[in-house]
Amino acid sequence: MTAAYVTGFGGADDIRVGRLPRPVPGPDEVLVRVDAVAVNHVDTFVRSGAYATEVPFPFVIGRDLAGTVAVPAGPFAVGDRVWSNSLGHDGRQGSFAQYAAVPVDRLYPLPAGVAPERAVAVLHTAATAHLGLFRTARLQEGETILVQGGGGGVGSAVVQLAATAGARVIVVDRAENAEWCHACGADHVLDRDDPKTPEAVRDLAPGGVDVLWDCSGHHDFETTVPLLAQGGRVVLSAGLRVRAVLPVGAVYTRDISVRGFVISNASAAELAEAAEDINRELARGRLNGRVRARLPLTEAARAHRLLEGRESREGTGAPGRVVLLPEDLGARA
């Protein structure tokens, strides 16, 4: 089969595309014929060695896939449309290939009528959003959440799932993302470049916001912590190399909690719970992502460069996710 892989930690240009043996699924694995994949920031961290995890070389990169069952196991039958979002980590080979062996407990049915490209645009981001909102922050109906960077992949998934759960959503992002954030369900969208934005948040939530999630990774706590209500929760999931200043007194005297998490540490059971919600919202058409580029698998290195901001986005369309499609779908070997 054709796969995008690395033989050691390094940069995007070290990604190779070539022939590797087709995976032989174990007794608790399903062989999936891959129809679409998406690139995530964590993929670049694993590829570079910045995120420590077991990596067997040659290592097929990638986390997410949507595809069709080729060799069944467990509840899955040949021809079933399926998806997964936790490959390429903890010793598991990744998804950027024509075939992938997926553990049964990390594979989920793809709802009828949902295209693979549409699914992979949200699978990883939506699971991250679900875990952060409901497991980590314990967001409740009627609470107010402040989402910074709500126009991005994770941010827009946070906005959509929070709005669906009955929360009031305030977003801070670039003005160009306002229309998209409103379409995702944001009640208010404020311009991040407006110096009066913190004051506007206070006006909208005079008692403070219940949850703060900075999906942009900037973490200006000296500005944002005063916007939190007593007992407010801060979610950390971005900014791998950021060193932020935390006003400690304002945190502990108001019972504010700061919790970090990554989807990679979630258990199979937690991911399955998130998958139920993701499938429900996909089926209802209430969970969507923007796709800025659709590339062939042979351009995996370019996809990583785009995500890392090391290549011009000219010609890749609107802001959004980068989706890759395995080639020669009719002649796989």
# chains A, B, ... in the order shown; residues from 1 in each chain; ligands from 1

$ residues_around --residues "A:Gly10" --least-positions-apart "2" --cutoff "10 Å" --atoms "only C-alpha atoms" --output "PyMOL selection string"
chain A and resi 6-8+12-15+44-50

$ write_last_selection --atoms "all heavy atoms" --output "mmCIF file, in the first residue's frame"
data_model
loop_
_atom_site.group_PDB
_atom_site.id
_atom_site.type_symbol
_atom_site.label_atom_id
_atom_site.label_comp_id
_atom_site.auth_asym_id
_atom_site.auth_seq_id
_atom_site.Cartn_x
_atom_site.Cartn_y
_atom_site.Cartn_z
ATOM 1 N N VAL A 6 7.506 8.419 8.432
ATOM 2 C CA VAL A 6 8.832 8.934 8.767
ATOM 3 C C VAL A 6 9.663 7.781 9.316
ATOM 4 O O VAL A 6 9.126 6.804 9.846
ATOM 5 C CB VAL A 6 8.770 10.080 9.797
ATOM 6 C CG1 VAL A 6 8.111 11.306 9.198
ATOM 7 C CG2 VAL A 6 8.049 9.651 11.064
ATOM 8 N N THR A 7 10.974 7.898 9.173
ATOM 9 C CA THR A 7 11.882 6.874 9.692
ATOM 10 C C THR A 7 12.636 7.356 10.925
ATOM 11 O O THR A 7 13.474 6.638 11.467
ATOM 12 C CB THR A 7 12.889 6.460 8.606
ATOM 13 O OG1 THR A 7 13.596 7.616 8.151
ATOM 14 C CG2 THR A 7 12.164 5.811 7.431
ATOM 15 N N GLY A 8 12.323 8.573 11.378
ATOM 16 C CA GLY A 8 12.915 9.137 12.583
ATOM 17 C C GLY A 8 12.277 10.485 12.840
ATOM 18 O O GLY A 8 11.564 11.016 11.984
ATOM 19 N N ALA A 12 8.864 18.488 8.660
ATOM 20 C CA ALA A 12 7.867 18.070 7.687
ATOM 21 C C ALA A 12 8.503 17.520 6.418
ATOM 22 O O ALA A 12 7.976 16.597 5.790
ATOM 23 C CB ALA A 12 6.951 19.248 7.359
ATOM 24 N N ASP A 13 9.652 18.068 6.047
ATOM 25 C CA ASP A 13 10.307 17.622 4.818
ATOM 26 C C ASP A 13 10.896 16.226 4.937
ATOM 27 O O ASP A 13 11.350 15.653 3.941
ATOM 28 C CB ASP A 13 11.398 18.620 4.419
ATOM 29 C CG ASP A 13 10.815 19.964 4.001
ATOM 30 O OD1 ASP A 13 9.639 19.990 3.589
ATOM 31 O OD2 ASP A 13 11.528 20.979 4.102
ATOM 32 N N ASP A 14 10.909 15.674 6.158
ATOM 33 C CA ASP A 14 11.386 14.304 6.347
ATOM 34 C C ASP A 14 10.286 13.271 6.113
ATOM 35 O O ASP A 14 10.537 12.066 6.167
ATOM 36 C CB ASP A 14 11.948 14.130 7.758
ATOM 37 C CG ASP A 14 13.210 14.948 7.981
ATOM 38 O OD1 ASP A 14 14.093 14.885 7.112
ATOM 39 O OD2 ASP A 14 13.298 15.658 9.002
ATOM 40 N N ILE A 15 9.057 13.730 5.881
ATOM 41 C CA ILE A 15 7.963 12.802 5.594
ATOM 42 C C ILE A 15 8.177 12.186 4.218
ATOM 43 O O ILE A 15 8.414 12.884 3.229
ATOM 44 C CB ILE A 15 6.604 13.524 5.642
ATOM 45 C CG1 ILE A 15 6.332 14.056 7.050
ATOM 46 C CG2 ILE A 15 5.478 12.592 5.201
ATOM 47 C CD1 ILE A 15 5.101 14.933 7.144
ATOM 48 N N THR A 44 2.009 16.979 14.111
ATOM 49 C CA THR A 44 3.317 17.607 13.895
ATOM 50 C C THR A 44 4.195 17.477 15.131
ATOM 51 O O THR A 44 5.417 17.346 15.018
ATOM 52 C CB THR A 44 3.160 19.097 13.525
ATOM 53 O OG1 THR A 44 2.680 19.843 14.650
ATOM 54 C CG2 THR A 44 2.179 19.272 12.369
ATOM 55 N N PHE A 45 3.580 17.493 16.323
ATOM 56 C CA PHE A 45 4.355 17.338 17.552
ATOM 57 C C PHE A 45 4.943 15.926 17.656
ATOM 58 O O PHE A 45 6.094 15.751 18.067
ATOM 59 C CB PHE A 45 3.487 17.615 18.778
ATOM 60 C CG PHE A 45 2.860 18.995 18.808
ATOM 61 C CD1 PHE A 45 1.666 19.212 19.486
ATOM 62 C CD2 PHE A 45 3.446 20.067 18.155
ATOM 63 C CE1 PHE A 45 1.084 20.472 19.516
ATOM 64 C CE2 PHE A 45 2.880 21.329 18.173
ATOM 65 C CZ PHE A 45 1.690 21.529 18.866
ATOM 66 N N VAL A 46 4.142 14.924 17.302
ATOM 67 C CA VAL A 46 4.622 13.538 17.353
ATOM 68 C C VAL A 46 5.719 13.330 16.312
ATOM 69 O O VAL A 46 6.766 12.735 16.589
ATOM 70 C CB VAL A 46 3.462 12.550 17.144
ATOM 71 C CG1 VAL A 46 3.989 11.121 17.006
ATOM 72 C CG2 VAL A 46 2.478 12.628 18.306
ATOM 73 N N ARG A 47 5.496 13.822 15.113
ATOM 74 C CA ARG A 47 6.480 13.663 14.034
ATOM 75 C C ARG A 47 7.828 14.281 14.386
ATOM 76 O O ARG A 47 8.888 13.731 14.068
ATOM 77 C CB ARG A 47 5.930 14.330 12.770
ATOM 78 C CG ARG A 47 6.824 14.224 11.536
ATOM 79 C CD ARG A 47 6.733 15.492 10.703
ATOM 80 N NE ARG A 47 7.366 16.625 11.344
ATOM 81 C CZ ARG A 47 6.850 17.835 11.416
ATOM 82 N NH1 ARG A 47 5.658 18.107 10.894
ATOM 83 N NH2 ARG A 47 7.531 18.813 12.019
ATOM 84 N N SER A 48 7.802 15.431 15.083
ATOM 85 C CA SER A 48 9.046 16.132 15.413
ATOM 86 C C SER A 48 9.708 15.598 16.676
ATOM 87 O O SER A 48 10.869 15.917 16.943
ATOM 88 C CB SER A 48 8.755 17.619 15.595
ATOM 89 O OG SER A 48 7.950 17.838 16.744
ATOM 90 N N GLY A 49 8.972 14.822 17.475
ATOM 91 C CA GLY A 49 9.495 14.344 18.743
ATOM 92 C C GLY A 49 9.191 15.271 19.902
ATOM 93 O O GLY A 49 9.585 15.000 21.038
ATOM 94 N N ALA A 50 8.449 16.375 19.647
ATOM 95 C CA ALA A 50 8.117 17.323 20.711
ATOM 96 C C ALA A 50 7.131 16.735 21.707
ATOM 97 O O ALA A 50 7.105 17.131 22.871
ATOM 98 C CB ALA A 50 7.544 18.608 20.112
#

$ select_by_dssp --residues "stretch 101-137 of chain A" --states "strand (DSSP E or B)" --output "VMD selection string"
chain A and resid 101 to 103 108 to 109

$ write_last_selection --atoms "C-alpha atoms" --output "PDB file, in the first residue's frame"
ATOM      1  CA  ALA A 101      -5.398  -1.506  11.349  1.00  0.00           C
ATOM      2  CA  VAL A 102      -7.658   0.044  14.001  1.00  0.00           C
ATOM      3  CA  PRO A 103      -8.395  -1.409  17.458  1.00  0.00           C
ATOM      4  CA  TYR A 108     -16.932   3.909  15.460  1.00  0.00           C
ATOM      5  CA  PRO A 109     -19.676   3.747  12.825  1.00  0.00           C
TER       6      PRO A 109
END

$ closest_residue --among "A:His219, A:Gly231, A:His182, A:Thr144" --to "A:Pro206" --atoms "only C-alpha atoms"
A:Thr144

$ residues_around --residues "A:Ala175" --least-positions-apart "5" --cutoff "8 Å" --atoms "only C-alpha atoms" --output "ChimeraX atom specification"
/A:190-192

$ residues_around --residues "A:Gly149" --least-positions-apart "6" --cutoff "8 Å" --atoms "only C-alpha atoms" --output "list in words"
Gly155, Val171, Val172, Asp173, Arg174, Asp214, Cys215 and Ser216 of chain A
